[in-house]
Amino acid sequence: MSPPSSLAQDCGPIFSNSPERAAQIEADDISYCWDRLIDRFSKHMLGGTQYFPPTATLSENEICVRFMASEPRLRRRALAGRLVDALGQPRTGERFLRVMKLDERGPFYVFLILPKPPDDSEDSYRRVRVALLGDICRVVRHRYPKALDIVGIATQPVSDLWCSEDITYMDGRTWTNAEGEEAAKLATDYEILANPKQFEINVQEYPPQPVSRCGAGATRIPRNEPCPCGSGKKYKKCCLR
């Protein structure tokens, strides 16, 4: 019997050249959007160019980046995929909100996509966006009592010619009844999470290869069925292209 080191050396090339590894590499491509977002926030914080609302501190933003950086590759794939999808959702002048909780260990993530009104100055727009992001985080804490760590990320849709990003953190451990009442009022006044939709996130480490539709005995995948690669999209919008 070969020693463990020899076995690992033998299996390494087999795995590296396998279809499963190729599918993993392809599926991980979107996860690097998460890495680039971490780099952008870190660069601005370290360079003193991060936009801060009046109540924010550097330590709070650092907590956000630490949470983001602690996410393993598979979770980054899921988070980045949903964020990129959210970037293309808003119609002209409309905001888009997505709240994510991958498991009991990590924080709640809030993605706010808010188009910039053409007549607004950058400073005015950023102040409104950061304030809205903070309000949404409070509503999330009110609606989901288990939301003890909330990381909020706000940006603009892909249709905007120029974009910026804001980040905020909320510690839900010191939540009071008065804050809950205020959050409930915010939810009503600004229609925040009025009718939230829940989606199951299924991300596989090694996405299964699409079943061939050619040859005898091949299984045909209906166009509107979930894509077998695990992206969460319909087959016609994913691997069938």
# chains A, B, ... in the order shown; residues from 1 in each chain; ligands from 1
>>> select_by_dssp(residues="stretch 11-40 of chain A", states="alpha helix (DSSP H)", output="PyMOL selection string")
chain A and resi 11-16+19-28+32-40
>>> write_last_selection(atoms="N, CA and C atoms", output="compact mmCIF listing (two decimals), in the first residue's frame")
# COMPACT_ATOMS: atom_id res chain seq x y z
N CYS A 11 -3.30 11.38 -6.38
CA CYS A 11 -4.68 11.84 -6.55
C CYS A 11 -4.77 13.30 -6.94
N GLY A 12 -3.74 14.09 -6.60
CA GLY A 12 -3.78 15.51 -6.88
C GLY A 12 -4.04 15.84 -8.34
N PRO A 13 -3.23 15.30 -9.27
CA PRO A 13 -3.47 15.59 -10.70
C PRO A 13 -4.82 15.09 -11.19
N ILE A 14 -5.29 13.97 -10.63
CA ILE A 14 -6.58 13.43 -11.05
C ILE A 14 -7.69 14.40 -10.70
N PHE A 15 -7.64 14.93 -9.46
CA PHE A 15 -8.66 15.88 -9.05
C PHE A 15 -8.54 17.18 -9.84
N SER A 16 -7.31 17.67 -10.02
CA SER A 16 -7.11 18.95 -10.72
C SER A 16 -7.65 18.93 -12.14
N PRO A 19 -13.65 16.85 -14.19
CA PRO A 19 -14.77 17.76 -14.52
C PRO A 19 -15.33 18.46 -13.29
N GLU A 20 -15.28 17.78 -12.13
CA GLU A 20 -15.79 18.39 -10.91
C GLU A 20 -14.97 19.62 -10.52
N ARG A 21 -13.64 19.50 -10.65
CA ARG A 21 -12.78 20.65 -10.32
C ARG A 21 -13.00 21.78 -11.32
N ALA A 22 -13.16 21.45 -12.58
CA ALA A 22 -13.41 22.47 -13.60
C ALA A 22 -14.72 23.20 -13.32
N ALA A 23 -15.75 22.44 -12.90
CA ALA A 23 -17.03 23.05 -12.57
C ALA A 23 -16.92 23.94 -11.34
N GLN A 24 -16.11 23.51 -10.37
CA GLN A 24 -15.91 24.31 -9.16
C GLN A 24 -15.23 25.63 -9.49
N ILE A 25 -14.20 25.59 -10.30
CA ILE A 25 -13.47 26.81 -10.68
C ILE A 25 -14.38 27.77 -11.41
N GLU A 26 -15.18 27.24 -12.33
CA GLU A 26 -16.10 28.09 -13.09
C GLU A 26 -17.14 28.73 -12.18
N ALA A 27 -17.69 27.92 -11.25
CA ALA A 27 -18.72 28.44 -10.35
C ALA A 27 -18.15 29.45 -9.36
N ASP A 28 -16.87 29.31 -9.01
CA ASP A 28 -16.24 30.22 -8.05
C ASP A 28 -15.92 31.58 -8.65
N TYR A 32 -15.31 36.11 -6.63
CA TYR A 32 -14.23 37.09 -6.52
C TYR A 32 -14.75 38.52 -6.58
N CYS A 33 -16.01 38.69 -6.95
CA CYS A 33 -16.64 40.01 -6.81
C CYS A 33 -16.69 40.40 -5.34
N TRP A 34 -16.91 39.41 -4.48
CA TRP A 34 -16.92 39.65 -3.03
C TRP A 34 -15.54 40.08 -2.57
N ASP A 35 -14.50 39.43 -3.09
CA ASP A 35 -13.13 39.78 -2.74
C ASP A 35 -12.81 41.22 -3.14
N ARG A 36 -13.23 41.59 -4.35
CA ARG A 36 -12.95 42.94 -4.82
C ARG A 36 -13.69 43.99 -4.00
N LEU A 37 -14.88 43.63 -3.52
CA LEU A 37 -15.62 44.56 -2.66
C LEU A 37 -14.90 44.75 -1.33
N ILE A 38 -14.38 43.68 -0.77
CA ILE A 38 -13.58 43.77 0.46
C ILE A 38 -12.37 44.68 0.23
N ASP A 39 -11.71 44.49 -0.90
CA ASP A 39 -10.53 45.30 -1.21
C ASP A 39 -10.89 46.79 -1.32
N ARG A 40 -12.04 47.08 -1.94
CA ARG A 40 -12.45 48.48 -2.11
C ARG A 40 -12.73 49.13 -0.76
>>> residues_around(residues="A:Ser42", least_positions_apart="5", cutoff="12 Å", atoms="only C-alpha atoms", output="PyMOL selection string")
chain A and resi 35-37+47-50+58-59+61-66+68-69+165-167
>>> write_last_selection(atoms="C-alpha atoms", output="JSON list (two decimals), in the first residue's frame")
[["chain", "number", "residue", "atom", "x", "y", "z"],
["A", 35, "ASP", "CA", -13.13, 39.78, -2.74],
["A", 36, "ARG", "CA", -12.95, 42.94, -4.82],
["A", 37, "LEU", "CA", -15.62, 44.56, -2.66],
["A", 47, "GLY", "CA", -6.64, 55.62, 2.95],
["A", 48, "GLY", "CA", -9.09, 57.81, 4.86],
["A", 49, "THR", "CA", -11.36, 58.19, 1.82],
["A", 50, "GLN", "CA", -14.30, 56.14, 3.09],
["A", 58, "LEU", "CA", -13.98, 53.38, 11.60],
["A", 59, "SER", "CA", -14.27, 50.45, 14.03],
["A", 61, "ASN", "CA", -16.83, 49.62, 9.28],
["A", 62, "GLU", "CA", -13.88, 47.42, 10.20],
["A", 63, "ILE", "CA", -16.29, 44.94, 11.80],
["A", 64, "CYS", "CA", -18.20, 44.76, 8.50],
["A", 65, "VAL", "CA", -15.06, 44.03, 6.52],
["A", 66, "ARG", "CA", -13.97, 41.40, 9.03],
["A", 68, "MET", "CA", -17.02, 39.77, 4.88],
["A", 69, "ALA", "CA", -13.43, 38.50, 4.92],
["A", 165, "GLU", "CA", -20.51, 51.71, -2.18],
["A", 166, "ASP", "CA", -21.44, 52.27, 1.45],
["A", 167, "ILE", "CA", -21.25, 49.86, 4.33]]
>>> closest_residue(among="A:Glu94, A:Val110, A:Leu133, A:Asn195", to="A:Leu79", atoms="only C-alpha atoms")
A:Val110
>>> atom_distance(atom1="atom CA of A:Arg143", atom2="atom CA of A:Thr176")
13.5 Å
>>> residues_around(residues="A:Val158", least_positions_apart="6", cutoff="12 Å", atoms="only C-alpha atoms", output="PyMOL selection string")
chain A and resi 83-92+113-116+164
>>> residues_around(residues="A:Ala194", least_positions_apart="5", cutoff="12 Å", atoms="only C-alpha atoms", output="ChimeraX atom specification")
/A:97,136,139-140,143,184-189
>>> write_last_selection(atoms="N, CA and C atoms", output="PDB file, in the first residue's frame")
ATOM      1  N   LEU A  97     -34.153  45.815  -2.472  1.00  0.00           N
ATOM      2  CA  LEU A  97     -33.631  45.378  -1.178  1.00  0.00           C
ATOM      3  C   LEU A  97     -33.584  43.863  -1.128  1.00  0.00           C
ATOM      4  N   ILE A 136     -33.086  50.470   7.332  1.00  0.00           N
ATOM      5  CA  ILE A 136     -33.415  49.105   6.906  1.00  0.00           C
ATOM      6  C   ILE A 136     -32.807  48.091   7.867  1.00  0.00           C
ATOM      7  N   VAL A 139     -35.026  47.825  10.789  1.00  0.00           N
ATOM      8  CA  VAL A 139     -36.237  47.069  10.482  1.00  0.00           C
ATOM      9  C   VAL A 139     -35.928  45.572  10.424  1.00  0.00           C
ATOM     10  N   VAL A 140     -34.774  45.214   9.888  1.00  0.00           N
ATOM     11  CA  VAL A 140     -34.371  43.799   9.861  1.00  0.00           C
ATOM     12  C   VAL A 140     -34.248  43.261  11.276  1.00  0.00           C
ATOM     13  N   ARG A 143     -37.758  42.755  12.596  1.00  0.00           N
ATOM     14  CA  ARG A 143     -38.497  41.656  11.969  1.00  0.00           C
ATOM     15  C   ARG A 143     -37.885  40.288  12.275  1.00  0.00           C
ATOM     16  N   ALA A 184     -40.674  49.555  13.771  1.00  0.00           N
ATOM     17  CA  ALA A 184     -41.982  49.197  13.230  1.00  0.00           C
ATOM     18  C   ALA A 184     -42.598  50.380  12.490  1.00  0.00           C
ATOM     19  N   LYS A 185     -42.399  51.571  13.020  1.00  0.00           N
ATOM     20  CA  LYS A 185     -42.921  52.775  12.352  1.00  0.00           C
ATOM     21  C   LYS A 185     -42.177  53.031  11.035  1.00  0.00           C
ATOM     22  N   LEU A 186     -40.860  52.824  11.050  1.00  0.00           N
ATOM     23  CA  LEU A 186     -40.071  52.988   9.827  1.00  0.00           C
ATOM     24  C   LEU A 186     -40.541  52.008   8.746  1.00  0.00           C
ATOM     25  N   ALA A 187     -40.798  50.781   9.173  1.00  0.00           N
ATOM     26  CA  ALA A 187     -41.247  49.757   8.220  1.00  0.00           C
ATOM     27  C   ALA A 187     -42.547  50.160   7.549  1.00  0.00           C
ATOM     28  N   THR A 188     -43.441  50.776   8.341  1.00  0.00           N
ATOM     29  CA  THR A 188     -44.735  51.199   7.802  1.00  0.00           C
ATOM     30  C   THR A 188     -44.608  52.453   6.942  1.00  0.00           C
ATOM     31  N   ASP A 189     -43.882  53.434   7.468  1.00  0.00           N
ATOM     32  CA  ASP A 189     -43.786  54.725   6.768  1.00  0.00           C
ATOM     33  C   ASP A 189     -43.056  54.609   5.432  1.00  0.00           C
TER      34      ASP A 189
END
>>> select_by_dssp(residues="stretch 83-123 of chain A", states="strand (DSSP E)", output="list in words")
Phe96, Leu97, Arg98, Val99, Met100, Phe108, Tyr109, Val110, Phe111, Leu112 and Ile113 of chain A
>>> write_last_selection(atoms="all heavy atoms", output="mmCIF file, in the first residue's frame")
data_model
loop_
_atom_site.group_PDB
_atom_site.id
_atom_site.type_symbol
_atom_site.label_atom_id
_atom_site.label_comp_id
_atom_site.auth_asym_id
_atom_site.auth_seq_id
_atom_site.Cartn_x
_atom_site.Cartn_y
_atom_site.Cartn_z
ATOM 1 N N PHE A 96 -34.066 48.569 -4.601
ATOM 2 C CA PHE A 96 -34.212 47.119 -4.487
ATOM 3 C C PHE A 96 -33.504 46.685 -3.211
ATOM 4 O O PHE A 96 -32.395 47.134 -2.913
ATOM 5 C CB PHE A 96 -33.609 46.407 -5.702
ATOM 6 C CG PHE A 96 -33.770 44.909 -5.650
ATOM 7 C CD1 PHE A 96 -34.962 44.321 -6.042
ATOM 8 C CD2 PHE A 96 -32.736 44.099 -5.206
ATOM 9 C CE1 PHE A 96 -35.117 42.932 -5.992
ATOM 10 C CE2 PHE A 96 -32.892 42.717 -5.152
ATOM 11 C CZ PHE A 96 -34.075 42.132 -5.544
ATOM 12 N N LEU A 97 -34.153 45.815 -2.472
ATOM 13 C CA LEU A 97 -33.631 45.378 -1.178
ATOM 14 C C LEU A 97 -33.584 43.863 -1.128
ATOM 15 O O LEU A 97 -34.537 43.186 -1.528
ATOM 16 C CB LEU A 97 -34.518 45.918 -0.053
ATOM 17 C CG LEU A 97 -34.201 45.450 1.374
ATOM 18 C CD1 LEU A 97 -32.815 45.922 1.791
ATOM 19 C CD2 LEU A 97 -35.258 45.977 2.352
ATOM 20 N N ARG A 98 -32.480 43.349 -0.615
ATOM 21 C CA ARG A 98 -32.363 41.901 -0.410
ATOM 22 C C ARG A 98 -31.701 41.654 0.937
ATOM 23 O O ARG A 98 -30.680 42.271 1.264
ATOM 24 C CB ARG A 98 -31.549 41.259 -1.528
ATOM 25 C CG ARG A 98 -31.290 39.763 -1.355
ATOM 26 C CD ARG A 98 -30.872 39.137 -2.673
ATOM 27 N NE ARG A 98 -32.024 38.988 -3.561
ATOM 28 C CZ ARG A 98 -31.907 38.741 -4.867
ATOM 29 N NH1 ARG A 98 -30.727 38.646 -5.429
ATOM 30 N NH2 ARG A 98 -33.000 38.595 -5.614
ATOM 31 N N VAL A 99 -32.302 40.757 1.733
ATOM 32 C CA VAL A 99 -31.757 40.384 3.033
ATOM 33 C C VAL A 99 -31.360 38.916 2.969
ATOM 34 O O VAL A 99 -32.142 38.068 2.523
ATOM 35 C CB VAL A 99 -32.791 40.600 4.159
ATOM 36 C CG1 VAL A 99 -32.206 40.177 5.503
ATOM 37 C CG2 VAL A 99 -33.238 42.054 4.203
ATOM 38 N N MET A 100 -30.128 38.617 3.406
ATOM 39 C CA MET A 100 -29.620 37.249 3.321
ATOM 40 C C MET A 100 -29.126 36.781 4.680
ATOM 41 O O MET A 100 -28.481 37.524 5.417
ATOM 42 C CB MET A 100 -28.475 37.164 2.305
ATOM 43 C CG MET A 100 -28.893 37.380 0.871
ATOM 44 S SD MET A 100 -27.559 36.988 -0.274
ATOM 45 C CE MET A 100 -27.341 35.224 0.042
ATOM 46 N N PHE A 108 -26.494 38.595 9.359
ATOM 47 C CA PHE A 108 -27.474 38.942 8.329
ATOM 48 C C PHE A 108 -26.799 39.951 7.404
ATOM 49 O O PHE A 108 -26.123 40.877 7.874
ATOM 50 C CB PHE A 108 -28.720 39.569 8.949
ATOM 51 C CG PHE A 108 -29.717 38.578 9.480
ATOM 52 C CD1 PHE A 108 -29.439 37.817 10.600
ATOM 53 C CD2 PHE A 108 -30.945 38.424 8.859
ATOM 54 C CE1 PHE A 108 -30.364 36.916 11.093
ATOM 55 C CE2 PHE A 108 -31.887 37.522 9.344
ATOM 56 C CZ PHE A 108 -31.587 36.758 10.460
ATOM 57 N N TYR A 109 -26.987 39.784 6.120
ATOM 58 C CA TYR A 109 -26.484 40.749 5.147
ATOM 59 C C TYR A 109 -27.664 41.467 4.505
ATOM 60 O O TYR A 109 -28.646 40.840 4.110
ATOM 61 C CB TYR A 109 -25.661 40.071 4.061
ATOM 62 C CG TYR A 109 -24.283 39.633 4.505
ATOM 63 C CD1 TYR A 109 -24.042 38.318 4.885
ATOM 64 C CD2 TYR A 109 -23.228 40.542 4.559
ATOM 65 C CE1 TYR A 109 -22.779 37.913 5.302
ATOM 66 C CE2 TYR A 109 -21.962 40.144 4.976
ATOM 67 C CZ TYR A 109 -21.748 38.828 5.345
ATOM 68 O OH TYR A 109 -20.499 38.436 5.747
ATOM 69 N N VAL A 110 -27.549 42.787 4.411
ATOM 70 C CA VAL A 110 -28.563 43.612 3.767
ATOM 71 C C VAL A 110 -27.940 44.240 2.523
ATOM 72 O O VAL A 110 -26.925 44.934 2.620
ATOM 73 C CB VAL A 110 -29.061 44.721 4.709
ATOM 74 C CG1 VAL A 110 -30.017 45.661 3.975
ATOM 75 C CG2 VAL A 110 -29.751 44.119 5.933
ATOM 76 N N PHE A 111 -28.527 43.988 1.358
ATOM 77 C CA PHE A 111 -28.077 44.593 0.109
ATOM 78 C C PHE A 111 -29.121 45.618 -0.336
ATOM 79 O O PHE A 111 -30.266 45.253 -0.618
ATOM 80 C CB PHE A 111 -27.906 43.541 -0.987
ATOM 81 C CG PHE A 111 -26.894 42.476 -0.673
ATOM 82 C CD1 PHE A 111 -27.032 41.191 -1.193
ATOM 83 C CD2 PHE A 111 -25.804 42.737 0.133
ATOM 84 C CE1 PHE A 111 -26.107 40.208 -0.912
ATOM 85 C CE2 PHE A 111 -24.870 41.753 0.433
ATOM 86 C CZ PHE A 111 -25.015 40.492 -0.095
ATOM 87 N N LEU A 112 -28.718 46.867 -0.386
ATOM 88 C CA LEU A 112 -29.602 47.944 -0.842
ATOM 89 C C LEU A 112 -29.068 48.492 -2.164
ATOM 90 O O LEU A 112 -27.935 48.957 -2.225
ATOM 91 C CB LEU A 112 -29.666 49.068 0.193
ATOM 92 C CG LEU A 112 -30.365 50.363 -0.260
ATOM 93 C CD1 LEU A 112 -31.836 50.116 -0.576
ATOM 94 C CD2 LEU A 112 -30.202 51.462 0.785
ATOM 95 N N ILE A 113 -29.883 48.419 -3.192
ATOM 96 C CA ILE A 113 -29.547 48.989 -4.496
ATOM 97 C C ILE A 113 -30.445 50.198 -4.700
ATOM 98 O O ILE A 113 -31.661 50.060 -4.808
ATOM 99 C CB ILE A 113 -29.744 47.972 -5.632
ATOM 100 C CG1 ILE A 113 -29.164 46.603 -5.247
ATOM 101 C CG2 ILE A 113 -29.127 48.493 -6.915
ATOM 102 C CD1 ILE A 113 -27.688 46.601 -4.949
#
>>> atom_distance(atom1="atom CA of A:Thr168", atom2="atom CA of A:Gly152")
5.0 Å
>>> atom_distance(atom1="atom CA of A:Phe67", atom2="atom CA of A:Val151")
8.0 Å
>>> closest_residue(among="A:Leu102, A:Gln204, A:Arg95, A:His44", to="A:Glu71", atoms="only C-alpha atoms")
A:Leu102
>>> closest_residue(among="A:Tyr144, A:Glu122, A:Lys234, A:Pro117", to="A:Pro196", atoms="only C-alpha atoms")
A:Tyr144
>>> closest_residue(among="A:Gln156, A:Pro107, A:Gly93, A:Asp120", to="A:Ser70", atoms="only C-alpha atoms")
A:Pro107
>>> decode(residues="stretch 59-88 of chain A", atoms="N, CA and C atoms", output="mmCIF file, in the first residue's frame")
data_model
loop_
_atom_site.group_PDB
_atom_site.id
_atom_site.type_symbol
_atom_site.label_atom_id
_atom_site.label_comp_id
_atom_site.auth_asym_id
_atom_site.auth_seq_id
_atom_site.Cartn_x
_atom_site.Cartn_y
_atom_site.Cartn_z
ATOM 1 N N SER A 59 -14.209 51.794 13.448
ATOM 2 C CA SER A 59 -14.274 50.455 14.032
ATOM 3 C C SER A 59 -15.513 49.705 13.565
ATOM 4 N N GLU A 60 -16.639 50.406 13.400
ATOM 5 C CA GLU A 60 -17.863 49.750 12.928
ATOM 6 C C GLU A 60 -17.680 49.241 11.499
ATOM 7 N N ASN A 61 -17.068 50.051 10.649
ATOM 8 C CA ASN A 61 -16.831 49.620 9.281
ATOM 9 C C ASN A 61 -15.826 48.485 9.231
ATOM 10 N N GLU A 62 -14.864 48.501 10.140
ATOM 11 C CA GLU A 62 -13.879 47.418 10.199
ATOM 12 C C GLU A 62 -14.564 46.100 10.547
ATOM 13 N N ILE A 63 -15.549 46.153 11.445
ATOM 14 C CA ILE A 63 -16.290 44.937 11.801
ATOM 15 C C ILE A 63 -16.960 44.352 10.559
ATOM 16 N N CYS A 64 -17.554 45.224 9.732
ATOM 17 C CA CYS A 64 -18.202 44.757 8.504
ATOM 18 C C CYS A 64 -17.217 44.024 7.617
ATOM 19 N N VAL A 65 -16.061 44.625 7.401
ATOM 20 C CA VAL A 65 -15.064 44.027 6.517
ATOM 21 C C VAL A 65 -14.551 42.714 7.094
ATOM 22 N N ARG A 66 -14.413 42.654 8.408
ATOM 23 C CA ARG A 66 -13.967 41.401 9.026
ATOM 24 C C ARG A 66 -14.998 40.287 8.813
ATOM 25 N N PHE A 67 -16.275 40.620 8.941
ATOM 26 C CA PHE A 67 -17.308 39.626 8.667
ATOM 27 C C PHE A 67 -17.228 39.166 7.213
ATOM 28 N N MET A 68 -17.087 40.122 6.297
ATOM 29 C CA MET A 68 -17.023 39.774 4.881
ATOM 30 C C MET A 68 -15.806 38.900 4.575
ATOM 31 N N ALA A 69 -14.664 39.246 5.184
ATOM 32 C CA ALA A 69 -13.431 38.502 4.925
ATOM 33 C C ALA A 69 -13.441 37.119 5.558
ATOM 34 N N SER A 70 -14.274 36.912 6.570
ATOM 35 C CA SER A 70 -14.328 35.605 7.236
ATOM 36 C C SER A 70 -15.150 34.584 6.460
ATOM 37 N N GLU A 71 -15.856 35.035 5.430
ATOM 38 C CA GLU A 71 -16.695 34.117 4.663
ATOM 39 C C GLU A 71 -15.833 33.198 3.796
ATOM 40 N N PRO A 72 -16.032 31.892 3.881
ATOM 41 C CA PRO A 72 -15.277 30.972 3.026
ATOM 42 C C PRO A 72 -15.710 31.092 1.567
ATOM 43 N N ARG A 73 -14.966 30.471 0.691
ATOM 44 C CA ARG A 73 -15.178 30.639 -0.748
ATOM 45 C C ARG A 73 -16.587 30.258 -1.181
ATOM 46 N N LEU A 74 -17.127 29.172 -0.655
ATOM 47 C CA LEU A 74 -18.449 28.736 -1.093
ATOM 48 C C LEU A 74 -19.515 29.751 -0.705
ATOM 49 N N ARG A 75 -19.419 30.303 0.496
ATOM 50 C CA ARG A 75 -20.385 31.308 0.931
ATOM 51 C C ARG A 75 -20.193 32.610 0.167
ATOM 52 N N ARG A 76 -18.955 32.928 -0.175
ATOM 53 C CA ARG A 76 -18.715 34.118 -1.001
ATOM 54 C C ARG A 76 -19.379 33.954 -2.364
ATOM 55 N N ARG A 77 -19.372 32.747 -2.854
ATOM 56 C CA ARG A 77 -20.030 32.484 -4.140
ATOM 57 C C ARG A 77 -21.523 32.789 -4.037
ATOM 58 N N ALA A 78 -22.147 32.349 -2.953
ATOM 59 C CA ALA A 78 -23.582 32.583 -2.770
ATOM 60 C C ALA A 78 -23.880 34.064 -2.562
ATOM 61 N N LEU A 79 -23.090 34.721 -1.725
ATOM 62 C CA LEU A 79 -23.323 36.135 -1.429
ATOM 63 C C LEU A 79 -23.097 37.010 -2.663
ATOM 64 N N ALA A 80 -21.994 36.780 -3.349
ATOM 65 C CA ALA A 80 -21.695 37.583 -4.537
ATOM 66 C C ALA A 80 -22.725 37.343 -5.628
ATOM 67 N N GLY A 81 -23.169 36.101 -5.756
ATOM 68 C CA GLY A 81 -24.169 35.799 -6.782
ATOM 69 C C GLY A 81 -25.460 36.553 -6.551
ATOM 70 N N ARG A 82 -25.893 36.618 -5.299
ATOM 71 C CA ARG A 82 -27.136 37.323 -4.995
ATOM 72 C C ARG A 82 -26.961 38.833 -5.091
ATOM 73 N N LEU A 83 -25.776 39.319 -4.748
ATOM 74 C CA LEU A 83 -25.523 40.757 -4.862
ATOM 75 C C LEU A 83 -25.481 41.186 -6.328
ATOM 76 N N VAL A 84 -24.791 40.422 -7.148
ATOM 77 C CA VAL A 84 -24.715 40.745 -8.581
ATOM 78 C C VAL A 84 -26.099 40.680 -9.210
ATOM 79 N N ASP A 85 -26.885 39.689 -8.803
ATOM 80 C CA ASP A 85 -28.251 39.596 -9.317
ATOM 81 C C ASP A 85 -29.072 40.815 -8.897
ATOM 82 N N ALA A 86 -28.880 41.267 -7.646
ATOM 83 C CA ALA A 86 -29.625 42.422 -7.146
ATOM 84 C C ALA A 86 -29.255 43.695 -7.910
ATOM 85 N N LEU A 87 -28.012 43.795 -8.366
ATOM 86 C CA LEU A 87 -27.565 44.999 -9.067
ATOM 87 C C LEU A 87 -28.347 45.244 -10.353
ATOM 88 N N GLY A 88 -28.872 44.189 -10.939
ATOM 89 C CA GLY A 88 -29.616 44.350 -12.183
ATOM 90 C C GLY A 88 -31.112 44.397 -12.008
#
